[in-house]
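See below for query05.csv, which holds CSV, C-alpha atoms.
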chain,number,residue,atom,x,y,z
P,267,MET,CA,14.4,-8.8,-12.6
P,268,SER,CA,12.5,-9.3,-15.8
P,269,ASN,CA,12.7,-6.6,-18.4
P,270,ASP,CA,9.0,-6.8,-19.2
P,271,PHE,CA,8.1,-6.0,-15.6
P,272,ARG,CA,10.6,-3.2,-15.5
P,273,HIS,CA,9.5,-1.8,-18.7
P,274,SER,CA,5.8,-1.9,-17.7
P,275,VAL,CA,6.7,-0.1,-14.5
P,276,GLU,CA,8.7,2.5,-16.4
P,277,THR,CA,5.8,3.4,-18.8
P,278,MET,CA,3.7,4.2,-15.8
P,279,ILE,CA,6.0,6.8,-14.3
P,280,PRO,CA,4.6,9.9,-16.1
P,281,ALA,CA,1.0,9.0,-15.0
P,282,LEU,CA,2.1,8.3,-11.5
P,283,ARG,CA,3.8,11.7,-11.3
P,284,ARG,CA,0.6,13.4,-12.5
P,285,TYR,CA,-1.4,11.6,-9.9
P,286,ALA,CA,1.1,12.3,-7.1
P,287,ARG,CA,1.3,16.0,-8.2
P,288,ALA,CA,-2.4,16.4,-8.0
P,289,LEU,CA,-2.6,14.4,-4.8
P,290,THR,CA,0.0,16.5,-2.9
P,291,ARG,CA,0.1,19.7,-5.0
P,292,ASP,CA,3.8,19.8,-4.3
P,293,SER,CA,6.2,18.7,-7.0
P,294,ASP,CA,9.0,17.6,-4.6
P,295,ILE,CA,6.8,15.6,-2.3
P,296,ALA,CA,5.1,14.2,-5.3
P,297,ASP,CA,8.3,12.9,-6.8
P,298,ASP,CA,9.4,11.5,-3.4
P,299,LEU,CA,6.2,9.5,-3.4
P,300,VAL,CA,6.7,8.3,-6.9
P,301,GLN,CA,10.3,7.3,-6.0
P,302,ASP,CA,9.2,5.3,-2.9
P,303,THR,CA,6.4,3.7,-5.0
P,304,LEU,CA,8.9,2.6,-7.6
P,305,VAL,CA,11.4,1.3,-5.1
P,306,ARG,CA,8.7,-0.8,-3.5
P,307,ALA,CA,7.4,-2.1,-6.7
P,308,LEU,CA,10.8,-3.0,-8.1
P,309,ARG,CA,11.7,-4.8,-4.9
P,310,SER,CA,8.4,-6.7,-4.8
P,311,GLU,CA,8.4,-8.0,-8.4
P,312,LYS,CA,8.4,-11.5,-7.1
P,313,LEU,CA,5.3,-10.7,-5.0
P,314,PHE,CA,3.4,-9.3,-7.9
P,315,LEU,CA,1.4,-12.4,-9.0
P,316,GLY,CA,0.0,-11.0,-12.2
P,317,GLY,CA,-3.1,-8.9,-12.4
P,318,ASP,CA,-3.3,-5.2,-13.1
P,319,LEU,CA,0.1,-3.6,-12.7
P,320,ARG,CA,-1.3,-0.2,-13.2
P,321,ALA,CA,-3.8,-0.5,-10.4
P,322,TRP,CA,-1.2,-2.1,-8.1
P,323,LEU,CA,1.2,0.9,-8.6
P,324,TYR,CA,-1.7,3.3,-7.8
P,325,THR,CA,-2.4,1.3,-4.7
P,326,ILE,CA,1.1,1.6,-3.5
P,327,LEU,CA,1.3,5.3,-4.1
P,328,THR,CA,-2.1,5.9,-2.5
P,329,ASN,CA,-1.1,4.0,0.6
P,330,LEU,CA,2.3,5.6,0.9
P,331,ASN,CA,0.6,9.0,0.7
P,332,ARG,CA,-1.9,8.0,3.4
P,333,ASN,CA,1.0,6.9,5.7
P,334,ARG,CA,2.7,10.2,4.9
P,335,ARG,CA,-0.4,12.2,5.8
P,336,ARG,CA,-0.8,10.2,9.0
P,337,SER,CA,2.7,11.0,10.1
P,338,LEU,CA,2.0,14.7,9.5
P,339,ALA,CA,-1.3,14.6,11.3
P,340,ARG,CA,0.0,16.0,14.5
P,341,GLN,CA,1.8,18.9,12.9
P,342,PRO,CA,0.0,22.1,12.1
P,343,THR,CA,-1.5,22.2,8.6
P,344,MET,CA,0.4,24.3,6.2
P,345,MET,CA,-1.8,26.2,3.7
P,346,GLU,CA,-0.3,27.6,0.6
P,347,LEU,CA,-0.9,31.3,0.1
P,348,HIS,CA,-2.5,31.9,-3.2
P,349,ASP,CA,-2.3,34.9,-5.4
P,350,THR,CA,-5.9,35.5,-6.5
P,351,THR,CA,-5.4,38.9,-8.1
P,352,ALA,CA,-8.1,39.7,-10.5
P,353,ASP,CA,-5.8,40.2,-13.5
P,354,ALA,CA,-4.7,36.5,-13.6
P,355,SER,CA,-5.6,35.1,-16.9
P,356,GLY,CA,-8.4,32.6,-17.1
P,357,THR,CA,-6.6,29.3,-17.3
P,358,GLU,CA,-4.0,30.2,-14.7
P,359,ALA,CA,-6.6,31.4,-12.3
P,360,GLU,CA,-8.7,28.3,-12.9
P,361,GLY,CA,-5.6,26.1,-12.3
P,362,ARG,CA,-5.1,27.7,-8.9
P,363,ASP,CA,-8.7,27.4,-8.0
P,364,ILE,CA,-8.8,23.7,-8.8
P,365,SER,CA,-5.7,23.0,-6.8
P,366,ARG,CA,-7.2,25.0,-3.9
P,367,ALA,CA,-10.4,23.1,-4.2
P,368,LEU,CA,-8.5,19.8,-4.1
P,369,ALA,CA,-6.8,21.0,-0.9
P,370,THR,CA,-10.1,21.3,0.9
P,371,LEU,CA,-11.1,17.7,0.2
P,372,ALA,CA,-10.7,14.8,2.7
P,373,GLU,CA,-7.8,12.6,1.7
P,374,ASP,CA,-9.9,9.6,0.6
P,375,GLN,CA,-12.3,11.8,-1.4
P,376,ARG,CA,-9.4,13.5,-3.2
P,377,ALA,CA,-7.8,10.2,-4.1
P,378,VAL,CA,-11.1,8.9,-5.5
P,379,LEU,CA,-11.7,12.0,-7.5
P,380,LEU,CA,-8.2,12.0,-9.0
P,381,LEU,CA,-8.1,8.2,-9.7
P,382,VAL,CA,-11.5,8.3,-11.5
P,383,VAL,CA,-11.3,11.7,-13.3
P,384,LEU,CA,-7.6,12.3,-13.9
P,385,GLU,CA,-6.3,8.8,-14.2
P,386,GLY,CA,-9.4,7.2,-15.7
P,387,LEU,CA,-9.6,4.2,-13.4
P,388,SER,CA,-12.8,2.3,-13.1
P,389,TYR,CA,-14.9,2.4,-10.0
P,390,ARG,CA,-14.1,-1.2,-9.4
P,391,ASP,CA,-10.3,-0.5,-9.6
P,392,VAL,CA,-10.6,2.4,-7.2
P,393,ALA,CA,-12.7,0.3,-4.8
P,394,ASP,CA,-9.8,-2.3,-4.8
P,395,ILE,CA,-7.2,0.3,-4.4
P,396,GLN,CA,-8.9,1.8,-1.3
P,397,GLY,CA,-10.1,-1.6,0.0
P,398,VAL,CA,-13.7,-0.4,0.2
P,399,PRO,CA,-17.0,-1.4,-1.4
P,400,ILE,CA,-18.0,0.4,-4.7
P,401,GLY,CA,-20.8,2.2,-2.8
P,402,THR,CA,-18.2,3.9,-0.7
P,403,VAL,CA,-16.3,5.0,-3.8
P,404,MET,CA,-19.5,6.4,-5.2
P,405,SER,CA,-20.3,8.4,-2.1
P,406,ARG,CA,-16.7,9.7,-1.8
P,407,LEU,CA,-16.8,10.7,-5.4
P,408,ALA,CA,-20.2,12.5,-5.0
P,409,ARG,CA,-18.9,14.4,-1.9
P,410,ALA,CA,-15.7,15.3,-3.6
P,411,ARG,CA,-17.6,16.7,-6.6
P,412,ALA,CA,-20.0,18.6,-4.6
P,413,GLN,CA,-17.3,20.1,-2.5
P,414,VAL,CA,-15.1,21.1,-5.5
P,415,LYS,CA,-18.1,22.6,-7.1
P,416,ALA,CA,-18.9,24.6,-4.0
P,417,VAL,CA,-15.4,25.9,-3.7
P,418,LEU,CA,-15.1,26.9,-7.3
P,419,GLU,CA,-18.5,28.6,-7.4
P,420,GLY,CA,-18.1,30.2,-4.0
P,421,GLU,CA,-14.8,31.8,-5.0
P,422,ARG,CA,-15.5,32.8,-8.5
P,423,PRO,CA,-19.2,33.6,-8.8
P,424,ALA,CA,-18.7,36.3,-11.4
P,425,LEU,CA,-16.8,34.1,-13.8
P,426,ARG,CA,-19.3,31.3,-13.3
P,427,ARG,CA,-22.1,33.5,-14.4
P,428,VAL,CA,-20.4,34.6,-17.6
P,429,LYS,CA,-21.2,31.4,-19.4
N,153,MET,CA,-42.7,18.1,-19.2
N,154,MET,CA,-42.3,14.8,-17.4
N,155,THR,CA,-40.6,11.8,-19.0
N,156,ASP,CA,-42.3,8.5,-18.7
N,157,HIS,CA,-39.2,6.4,-17.8
N,158,THR,CA,-40.2,3.9,-15.2
N,159,ILE,CA,-36.9,3.7,-13.3
N,160,PRO,CA,-35.9,7.0,-11.8
N,161,VAL,CA,-32.4,8.1,-12.4
N,162,THR,CA,-30.2,8.1,-9.3
N,163,GLU,CA,-27.3,10.4,-8.4
N,164,ASP,CA,-24.9,7.4,-8.8
N,165,GLU,CA,-26.1,7.0,-12.3
N,166,LEU,CA,-25.4,10.6,-13.1
N,167,HIS,CA,-21.8,10.1,-11.9
N,168,ALA,CA,-21.5,6.9,-13.8
N,169,TYR,CA,-22.8,8.7,-16.9
N,170,VAL,CA,-20.1,11.4,-16.6
N,171,ASP,CA,-17.4,8.7,-16.0
N,172,ASN,CA,-18.5,6.4,-18.8
N,173,GLU,CA,-19.4,3.7,-16.4
N,174,LEU,CA,-23.1,3.7,-17.1
N,175,PRO,CA,-24.6,0.5,-18.6
N,176,ALA,CA,-25.5,1.2,-22.2
N,177,GLU,CA,-29.1,0.4,-21.7
N,178,ARG,CA,-29.5,3.2,-19.2
N,179,ARG,CA,-27.9,5.9,-21.3
N,180,ASP,CA,-31.1,7.0,-23.1
N,181,ALA,CA,-33.0,7.2,-19.8
N,182,VAL,CA,-30.3,9.4,-18.2
N,183,GLU,CA,-30.1,11.7,-21.2
N,184,ALA,CA,-33.9,12.0,-21.2
N,185,TRP,CA,-33.8,12.7,-17.5
N,186,LEU,CA,-31.2,15.4,-17.9
N,187,ALA,CA,-33.2,17.1,-20.7
N,188,ALA,CA,-36.1,17.2,-18.3
N,189,HIS,CA,-34.2,18.2,-15.2
N,190,PRO,CA,-32.1,21.4,-15.7
N,191,ASP,CA,-30.7,21.3,-12.2
N,192,ASP,CA,-29.2,17.9,-12.7
N,193,ALA,CA,-28.0,18.9,-16.1
N,194,GLU,CA,-26.3,21.8,-14.6
N,195,ARG,CA,-24.6,19.6,-12.0
N,196,VAL,CA,-23.4,17.2,-14.6
N,197,ALA,CA,-22.0,20.1,-16.6
N,198,SER,CA,-20.2,21.4,-13.5
N,199,TRP,CA,-18.7,17.9,-12.9
N,200,ARG,CA,-17.5,17.9,-16.5
N,201,ALA,CA,-16.0,21.4,-15.9
N,202,VAL,CA,-14.1,20.0,-12.9
N,203,SER,CA,-12.7,17.2,-15.0
N,204,ALA,CA,-11.6,19.6,-17.7
N,205,ALA,CA,-10.0,21.8,-15.1
N,206,LEU,CA,-8.1,18.9,-13.5
N,207,HIS,CA,-6.8,17.8,-16.9
N,208,ALA,CA,-5.9,21.4,-17.9
N,209,LYS,CA,-3.9,21.8,-14.6
N,210,TYR,CA,-2.1,18.4,-14.3
N,211,ASP,CA,-1.9,16.7,-17.7
N,212,ALA,CA,1.3,18.7,-18.5
N,213,VAL,CA,3.1,16.7,-15.8
N,214,VAL,CA,2.9,13.7,-18.1
N,215,ASP,CA,5.0,15.5,-20.7
N,216,GLU,CA,7.7,16.7,-18.4
N,217,PRO,CA,11.0,14.8,-18.7
N,218,VAL,CA,11.2,12.2,-15.9
N,219,PRO,CA,13.8,13.3,-13.3
N,220,ALA,CA,16.9,11.2,-13.2
N,221,ARG,CA,16.2,10.0,-9.6
N,222,LEU,CA,13.1,8.3,-10.9
N,223,SER,CA,15.0,6.2,-13.4
N,224,VAL,CA,14.0,2.6,-13.0
N,225,ASP,CA,17.6,1.5,-13.9
N,226,ALA,CA,19.1,3.6,-11.1
N,227,LEU,CA,16.5,2.6,-8.6
N,228,SER,CA,16.8,-1.1,-9.2
N,229,ARG,CA,20.6,-0.9,-8.7
N,230,THR,CA,20.3,0.8,-5.4
N,231,PRO,CA,21.4,-1.6,-2.7
N,232,ARG,CA,19.5,-1.5,0.5
N,233,ARG,CA,22.2,0.1,2.5
N,234,TRP,CA,20.0,1.3,5.3
N,235,MET,CA,18.8,-2.2,6.1
N,236,MET,CA,22.4,-3.6,6.2
N,237,GLY,CA,23.3,-0.7,8.4
N,238,ALA,CA,20.4,-1.3,10.6
N,239,ILE,CA,21.3,-5.0,11.1
N,240,ALA,CA,25.0,-4.3,11.6
N,241,ALA,CA,24.1,-1.6,14.2
N,242,THR,CA,21.8,-3.7,16.2
N,243,LEU,CA,23.0,-7.2,16.1
N,244,LEU,CA,23.3,-8.2,19.7
N,245,ALA,CA,24.6,-11.6,20.6
N,246,PHE,CA,23.1,-12.6,23.9
N,247,ALA,CA,25.0,-14.7,26.3
N,248,THR,CA,23.6,-18.2,26.2
N,249,GLY,CA,21.5,-19.2,29.2
N,250,GLY,CA,19.1,-22.0,29.7
N,251,GLY,CA,15.5,-22.1,28.7
N,252,VAL,CA,13.1,-19.5,27.4
N,253,GLY,CA,14.4,-16.7,29.5
N,254,TRP,CA,17.6,-16.4,27.5
N,255,VAL,CA,16.4,-13.3,25.7
N,256,ALA,CA,15.4,-11.5,28.9
N,257,HIS,CA,18.9,-10.9,30.1
N,258,GLY,CA,19.9,-9.1,33.3
N,259,ALA,CA,18.4,-8.8,36.7
N,260,ASN,CA,15.5,-6.6,35.7
N,261,ALA,CA,14.3,-9.2,33.4
N,262,LYS,CA,10.6,-9.3,33.6
N,263,PRO,CA,10.0,-11.4,30.4
N,264,SER,CA,9.6,-8.9,27.6
N,265,MET,CA,7.2,-9.3,24.7
N,266,PHE,CA,10.1,-10.3,22.6
N,267,ALA,CA,11.3,-12.9,25.2
N,268,ASN,CA,7.8,-14.5,25.0
N,269,ILE,CA,7.6,-14.4,21.2
N,270,THR,CA,11.1,-15.5,20.6
N,271,GLY,CA,10.9,-18.2,23.3
N,272,ASP,CA,7.7,-19.6,21.8
N,273,ALA,CA,9.2,-19.5,18.3
N,274,LEU,CA,12.3,-21.3,19.4
N,275,GLU,CA,10.3,-24.0,21.3
N,276,ALA,CA,8.3,-24.6,18.1
N,277,HIS,CA,11.4,-24.6,16.0
N,278,LYS,CA,13.1,-27.2,18.1
N,279,LEU,CA,10.0,-29.3,18.4
N,280,TYR,CA,9.2,-29.5,14.7
N,281,VAL,CA,12.5,-29.3,12.8
N,282,VAL,CA,13.2,-32.9,14.0
N,283,GLU,CA,9.9,-34.1,12.9
N,284,VAL,CA,10.2,-36.1,9.7
N,285,ARG,CA,6.8,-37.4,8.9
N,286,HIS,CA,4.5,-34.6,10.2
N,287,PRO,CA,6.5,-31.4,10.3
N,288,VAL,CA,3.5,-29.3,9.2
N,289,GLU,CA,-0.2,-29.3,9.1
N,290,VAL,CA,-0.6,-27.9,5.6
N,291,ALA,CA,2.0,-28.7,2.9
N,292,GLY,CA,3.9,-26.1,0.9
N,293,SER,CA,2.3,-27.5,-2.3
N,294,GLU,CA,-0.9,-25.9,-1.0
N,295,LYS,CA,0.7,-22.5,-0.5
N,296,THR,CA,-2.3,-20.4,-1.5
N,297,HIS,CA,-4.6,-22.3,0.8
N,298,LEU,CA,-2.0,-22.2,3.6
N,299,GLN,CA,-1.6,-18.4,3.3
N,300,GLN,CA,-5.3,-17.8,3.2
N,301,TRP,CA,-6.0,-20.0,6.2
N,302,LEU,CA,-3.2,-18.5,8.4
N,303,THR,CA,-4.2,-15.0,7.4
N,304,LYS,CA,-7.7,-15.7,8.4
N,305,ARG,CA,-6.8,-17.3,11.7
N,306,CYS,CA,-4.1,-14.9,12.6
N,307,GLY,CA,-5.7,-11.6,11.6
N,308,TRP,CA,-2.7,-10.2,9.7
N,309,GLU,CA,-1.5,-10.9,6.2
N,310,VAL,CA,0.5,-14.1,6.3
N,311,ARG,CA,2.6,-14.6,3.2
N,312,ALA,CA,5.1,-17.4,2.9
N,313,PRO,CA,8.3,-15.7,1.6
N,314,GLU,CA,10.1,-17.0,-1.4
N,315,LEU,CA,13.5,-18.2,-0.2
N,316,ASP,CA,14.6,-20.1,-3.4
N,317,ALA,CA,17.8,-17.9,-3.6
N,318,THR,CA,19.1,-19.6,-0.5
N,319,GLY,CA,18.1,-23.1,-1.6
N,320,LEU,CA,15.2,-23.2,0.8
N,321,LYS,CA,11.8,-24.6,-0.3
N,322,LEU,CA,8.6,-24.2,1.6
N,323,VAL,CA,7.8,-27.4,3.5
N,324,GLY,CA,4.5,-26.0,4.8
N,325,GLY,CA,3.0,-24.4,7.9
N,326,ARG,CA,1.1,-24.7,11.1
N,327,LEU,CA,-1.1,-22.6,13.3
N,328,LEU,CA,0.3,-22.3,16.8
N,329,PRO,CA,-0.8,-20.7,20.1
N,330,GLY,CA,1.3,-17.6,20.5
N,331,PRO,CA,1.9,-15.4,23.6
N,332,THR,CA,-1.3,-13.3,23.1
N,333,GLY,CA,-3.2,-15.2,20.4
N,334,PRO,CA,-2.6,-17.3,17.3
N,335,ALA,CA,0.8,-17.5,15.7
N,336,SER,CA,1.8,-18.6,12.2
N,337,PHE,CA,4.7,-21.0,11.7
N,338,LEU,CA,6.3,-21.7,8.4
N,339,MET,CA,9.0,-24.3,7.7
N,340,TYR,CA,11.6,-24.4,4.9
N,341,GLU,CA,14.2,-26.9,4.0
N,342,THR,CA,17.0,-27.4,1.6
N,343,ALA,CA,17.7,-30.4,-0.5
N,344,SER,CA,20.1,-31.6,2.1
N,345,GLY,CA,17.6,-31.3,4.9
N,346,GLU,CA,18.7,-28.1,6.6
N,347,ARG,CA,15.6,-26.5,8.1
N,348,PHE,CA,14.6,-22.9,8.9
N,349,THR,CA,11.4,-21.7,10.4
N,350,VAL,CA,9.6,-18.4,10.2
N,351,TYR,CA,7.3,-17.6,13.2
N,352,ALA,CA,5.0,-14.6,13.5
N,353,ALA,CA,2.8,-13.5,16.4
N,354,ARG,CA,1.1,-10.3,17.3
N,355,ALA,CA,3.6,-8.0,19.0
N,356,SER,CA,2.9,-5.1,21.4
N,357,THR,CA,5.5,-3.0,19.7
N,358,GLU,CA,4.9,-1.4,16.3
N,359,THR,CA,8.3,-1.7,14.8
N,360,THR,CA,11.8,-2.6,16.1
N,361,GLN,CA,15.1,-3.3,14.5
N,362,MET,CA,16.5,-6.7,14.0
N,363,ARG,CA,18.1,-8.5,16.8
N,364,TYR,CA,20.0,-11.8,17.2
N,365,ALA,CA,20.0,-14.5,19.7
N,366,ALA,CA,21.6,-17.9,19.9
N,367,ASN,CA,21.1,-20.9,22.1
N,368,ASP,CA,22.1,-24.5,22.0
N,369,GLY,CA,23.2,-24.5,18.4
N,370,THR,CA,20.1,-22.7,17.3
N,371,GLY,CA,20.2,-19.1,16.1
N,372,ALA,CA,17.3,-16.7,15.8
N,373,LEU,CA,16.8,-13.2,14.3
N,374,PHE,CA,13.8,-11.3,15.5
N,375,TRP,CA,12.1,-8.0,14.8
N,376,ALA,CA,8.7,-6.4,14.8
N,377,ASP,CA,7.1,-4.8,11.8
N,378,ARG,CA,3.7,-3.0,11.9
N,379,GLY,CA,2.7,-4.7,15.1
N,380,VAL,CA,3.7,-8.3,14.1
N,381,GLY,CA,6.7,-9.9,15.7
N,382,PHE,CA,8.8,-12.1,13.4
N,383,VAL,CA,11.3,-14.8,14.4
N,384,VAL,CA,13.5,-16.5,11.8
N,385,SER,CA,15.2,-19.5,13.4
N,386,GLY,CA,17.9,-21.8,11.9
N,387,GLY,CA,21.3,-23.2,12.6
N,388,ALA,CA,24.2,-21.7,14.3
N,389,ASP,CA,25.6,-20.1,11.1
N,390,ARG,CA,24.8,-16.5,11.7
N,391,ASP,CA,25.7,-15.2,8.3
N,392,ARG,CA,23.4,-17.7,6.7
N,393,LEU,CA,20.6,-16.8,9.2
N,394,GLU,CA,21.0,-13.1,8.4
N,395,HIS,CA,20.8,-13.8,4.7
N,396,VAL,CA,17.6,-15.7,5.1
N,397,ALA,CA,16.1,-13.3,7.6
N,398,ARG,CA,16.8,-10.4,5.3
N,399,LEU,CA,14.9,-12.1,2.5
N,400,VAL,CA,12.0,-12.6,4.8
N,401,TYR,CA,12.1,-9.0,6.0
N,402,ASP,CA,12.3,-7.6,2.4
N,403,GLN,CA,9.3,-9.6,1.3
N,404,ASN,CA,7.2,-8.7,4.4
N,405,GLU,CA,7.9,-5.1,3.8
N,406,LYS,CA,5.6,-5.2,0.8
N,407,MET,CA,2.7,-6.1,3.1
N,408,GLY,CA,0.6,-3.5,4.6
N,409,LEU,CA,0.5,-1.8,1.3
If you convert what's in this file into structure tokens, what do you get?
Amino acid sequence: MSNDFRHSVETMIPALRRYARALTRDSDIADDLVQDTLVRALRSEKLFLGGDLRAWLYTILTNLNRNRRRSLARQPTMMELHDTTADASGTEAEGRDISRALATLAEDQRAVLLLVVLEGLSYRDVADIQGVPIGTVMSRLARARAQVKAVLEGERPALRRVK
Amino acid sequence: MMTDHTIPVTEDELHAYVDNELPAERRDAVEAWLAAHPDDAERVASWRAVSAALHAKYDAVVDEPVPARLSVDALSRTPRRWMMGAIAATLLAFATGGGVGWVAHGANAKPSMFANITGDALEAHKLYVVEVRHPVEVAGSEKTHLQQWLTKRCGWEVRAPELDATGLKLVGGRLLPGPTGPASFLMYETASGERFTVYAARASTETTQMRYAANDGTGALFWADRGVGFVVSGGADRDRLEHVARLVYDQNEKMGL
């Protein structure tokens, strides 16, 4: 296995963990996904015929997560219980709100929002990762943003009005 | 006050503006539009607030120490024990019998999906491995074209695995009629002329473990993966066949990503 390839994969781990954490909102599941992604990538070095390694790794992780969600589909949905007491400090409360808003998104919309906003990938890359036209990426992004906005405003109207 | 820009700003452009994907020449138009449309300006501000909240919540993960189990060194050392175990646990040597029905053993043997696929694969193997001048339709030197063509015709991702580690080079491939539709057929050979073939056809089973069958000095390992049945055929040397089949399996595992 070439050291360059390995090193390139290695430098992506922190960002993959961030994406996985936001995608699943569970640090154990997130690291499981990252681990599976790395195992697949390292085994498949010979199949990686150049191109954008970063986008390739995000593709593997996105697909593994989709498979994981599919296998869970028949099980009841588990919702986290959130503590939304009024005395939570601003940043903390906001953090909980954003993760709750993420939880309400459809899987593909959540992935688009996170890949574009959090990971800074181009619309083109996201279209390739999801195997859809750019127009589909745009409509998923628009729906995700509208939904997150609605959740955040619906739940915290008082704070929204302050500014 | 209305702006006089001739091309109206679309919602897609507002998103592209926020995500820095807007062509430079539209930037002024979008900014003028936002100045004149407070509702859109408010939406854009709310999207930016979502971005800020996501970064505030999740950027800290990047600075966390990477857990030991995600170390690239450790992961690339890990042998694929589960696969070896799976093969060891399921290798079944079938008693040899004549003809295609050799897989479908026993009295209740209505030919199974695997009997059909493996039977067809073995027929093709025997037919073409002896062929010297025209063993394939498309040569291995045109690998990219071969893969694209077979993928298009078969309907699943056909990749010719890299078997260099075993001394096998891709001779090329063919399209064949399979039990329920097209089948892909790839041939490999060593410098000394030993030949292996990799056959794949649509299977009715999603995934199965690897099984072994032998007949008339020819051995085959077969399994299904994501709805495609694979048959690797070669000589009677079972260890060698397993080695080759494992390489094929490993590389196919990447597909469907």
If you count only C-alpha atoms, which residues fall within 12 Å of Val417 in chain P, apart from same-chain ones fewer than 2 positions away, as an mmCIF file with C-alpha atoms, keeping the file's coordinate frame?
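Result file follows (part.cif):
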data_model
loop_
_atom_site.group_PDB
_atom_site.id
_atom_site.type_symbol
_atom_site.label_atom_id
_atom_site.label_comp_id
_atom_site.auth_asym_id
_atom_site.auth_seq_id
_atom_site.Cartn_x
_atom_site.Cartn_y
_atom_site.Cartn_z
ATOM 1 C CA GLU P 360 -8.700 28.300 -12.900
ATOM 2 C CA ARG P 362 -5.100 27.700 -8.900
ATOM 3 C CA ASP P 363 -8.700 27.400 -8.000
ATOM 4 C CA ILE P 364 -8.800 23.700 -8.800
ATOM 5 C CA SER P 365 -5.700 23.000 -6.800
ATOM 6 C CA ARG P 366 -7.200 25.000 -3.900
ATOM 7 C CA ALA P 367 -10.400 23.100 -4.200
ATOM 8 C CA LEU P 368 -8.500 19.800 -4.100
ATOM 9 C CA ALA P 369 -6.800 21.000 -0.900
ATOM 10 C CA THR P 370 -10.100 21.300 0.900
ATOM 11 C CA LEU P 371 -11.100 17.700 0.200
ATOM 12 C CA ALA P 410 -15.700 15.300 -3.600
ATOM 13 C CA ARG P 411 -17.600 16.700 -6.600
ATOM 14 C CA ALA P 412 -20.000 18.600 -4.600
ATOM 15 C CA GLN P 413 -17.300 20.100 -2.500
ATOM 16 C CA VAL P 414 -15.100 21.100 -5.500
ATOM 17 C CA LYS P 415 -18.100 22.600 -7.100
ATOM 18 C CA GLU P 419 -18.500 28.600 -7.400
ATOM 19 C CA GLY P 420 -18.100 30.200 -4.000
ATOM 20 C CA GLU P 421 -14.800 31.800 -5.000
ATOM 21 C CA ARG P 422 -15.500 32.800 -8.500
ATOM 22 C CA PRO P 423 -19.200 33.600 -8.800
ATOM 23 C CA ARG P 426 -19.300 31.300 -13.300
ATOM 24 C CA SER N 198 -20.200 21.400 -13.500
ATOM 25 C CA VAL N 202 -14.100 20.000 -12.900
#
P:Met278, P:Ala288, P:Leu319, P:Ser293 ranked by distance to Asp391 in chain P, top pick (using all atoms listed in the file):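 The closest residue to Asp391 in chain P is P:Leu319.
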Just need the residues of chain P within 6 Å of chain N, counting all atoms listed in the file, so spit them out as an MDAnalysis selection string. chainID P and resid 280:281 284 301 326 361 383
What does the distance from CA of Leu418 in chain P to CA of Gly401 in chain P come to in Å, to one decimal?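 We find that CA of Leu418 in chain P and CA of Gly401 in chain P lie 25.7 Å from each other.
The coordinates place CA of Ala335 in chain N at 4.5 Å from CA of Ala353 in chain N.
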Which polymer residues have any atom within 8 Å of an atom of range 393-396 of chain N, counting all atoms listed in the file, with same-chain residues fewer than 3 positions away left out, as a short mmCIF file (atom, residue, chain, number, x, y, z; two decimals) with C-alpha atoms, in the frame of the given file?
data_model
loop_
_atom_site.label_atom_id
_atom_site.label_comp_id
_atom_site.auth_asym_id
_atom_site.auth_seq_id
_atom_site.Cartn_x
_atom_site.Cartn_y
_atom_site.Cartn_z
CA LEU N 315 13.50 -18.20 -0.20
CA THR N 318 19.10 -19.60 -0.50
CA GLY N 371 20.20 -19.10 16.10
CA ALA N 372 17.30 -16.70 15.80
CA LEU N 373 16.80 -13.20 14.30
CA VAL N 384 13.50 -16.50 11.80
CA SER N 385 15.20 -19.50 13.40
CA GLY N 386 17.90 -21.80 11.90
CA GLY N 387 21.30 -23.20 12.60
CA ALA N 388 24.20 -21.70 14.30
CA ASP N 389 25.60 -20.10 11.10
CA ARG N 390 24.80 -16.50 11.70
CA LEU N 399 14.90 -12.10 2.50
CA VAL N 400 12.00 -12.60 4.80
#
In Å, with one decimal, what is the gap from CA of Asp192 in chain N to CA of Ala408 in chain P?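 If I compute the distance from CA of Asp192 in chain N to CA of Ala408 in chain P, I get 13.0 Å.
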Hey, what's within 10 Å of Gly292 in chain N if we count only C-alpha atoms and toss same-chain stuff fewer than 3 positions away? As a compact mmCIF listing (two decimals) with C-alpha atoms, in the frame of the given file, please?
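In the end it all went to part-v2.txt:
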# COMPACT_ATOMS: atom_id res chain seq x y z
CA VAL N 288 3.50 -29.30 9.20
CA GLU N 289 -0.20 -29.30 9.10
CA LYS N 295 0.70 -22.50 -0.50
CA THR N 296 -2.30 -20.40 -1.50
CA HIS N 297 -4.60 -22.30 0.80
CA LEU N 298 -2.00 -22.20 3.60
CA GLN N 299 -1.60 -18.40 3.30
CA ALA N 312 5.10 -17.40 2.90
CA LYS N 321 11.80 -24.60 -0.30
CA LEU N 322 8.60 -24.20 1.60
CA VAL N 323 7.80 -27.40 3.50
CA GLY N 324 4.50 -26.00 4.80
CA GLY N 325 3.00 -24.40 7.90
CA LEU N 338 6.30 -21.70 8.40
CA MET N 339 9.00 -24.30 7.70
CA TYR N 340 11.60 -24.40 4.90
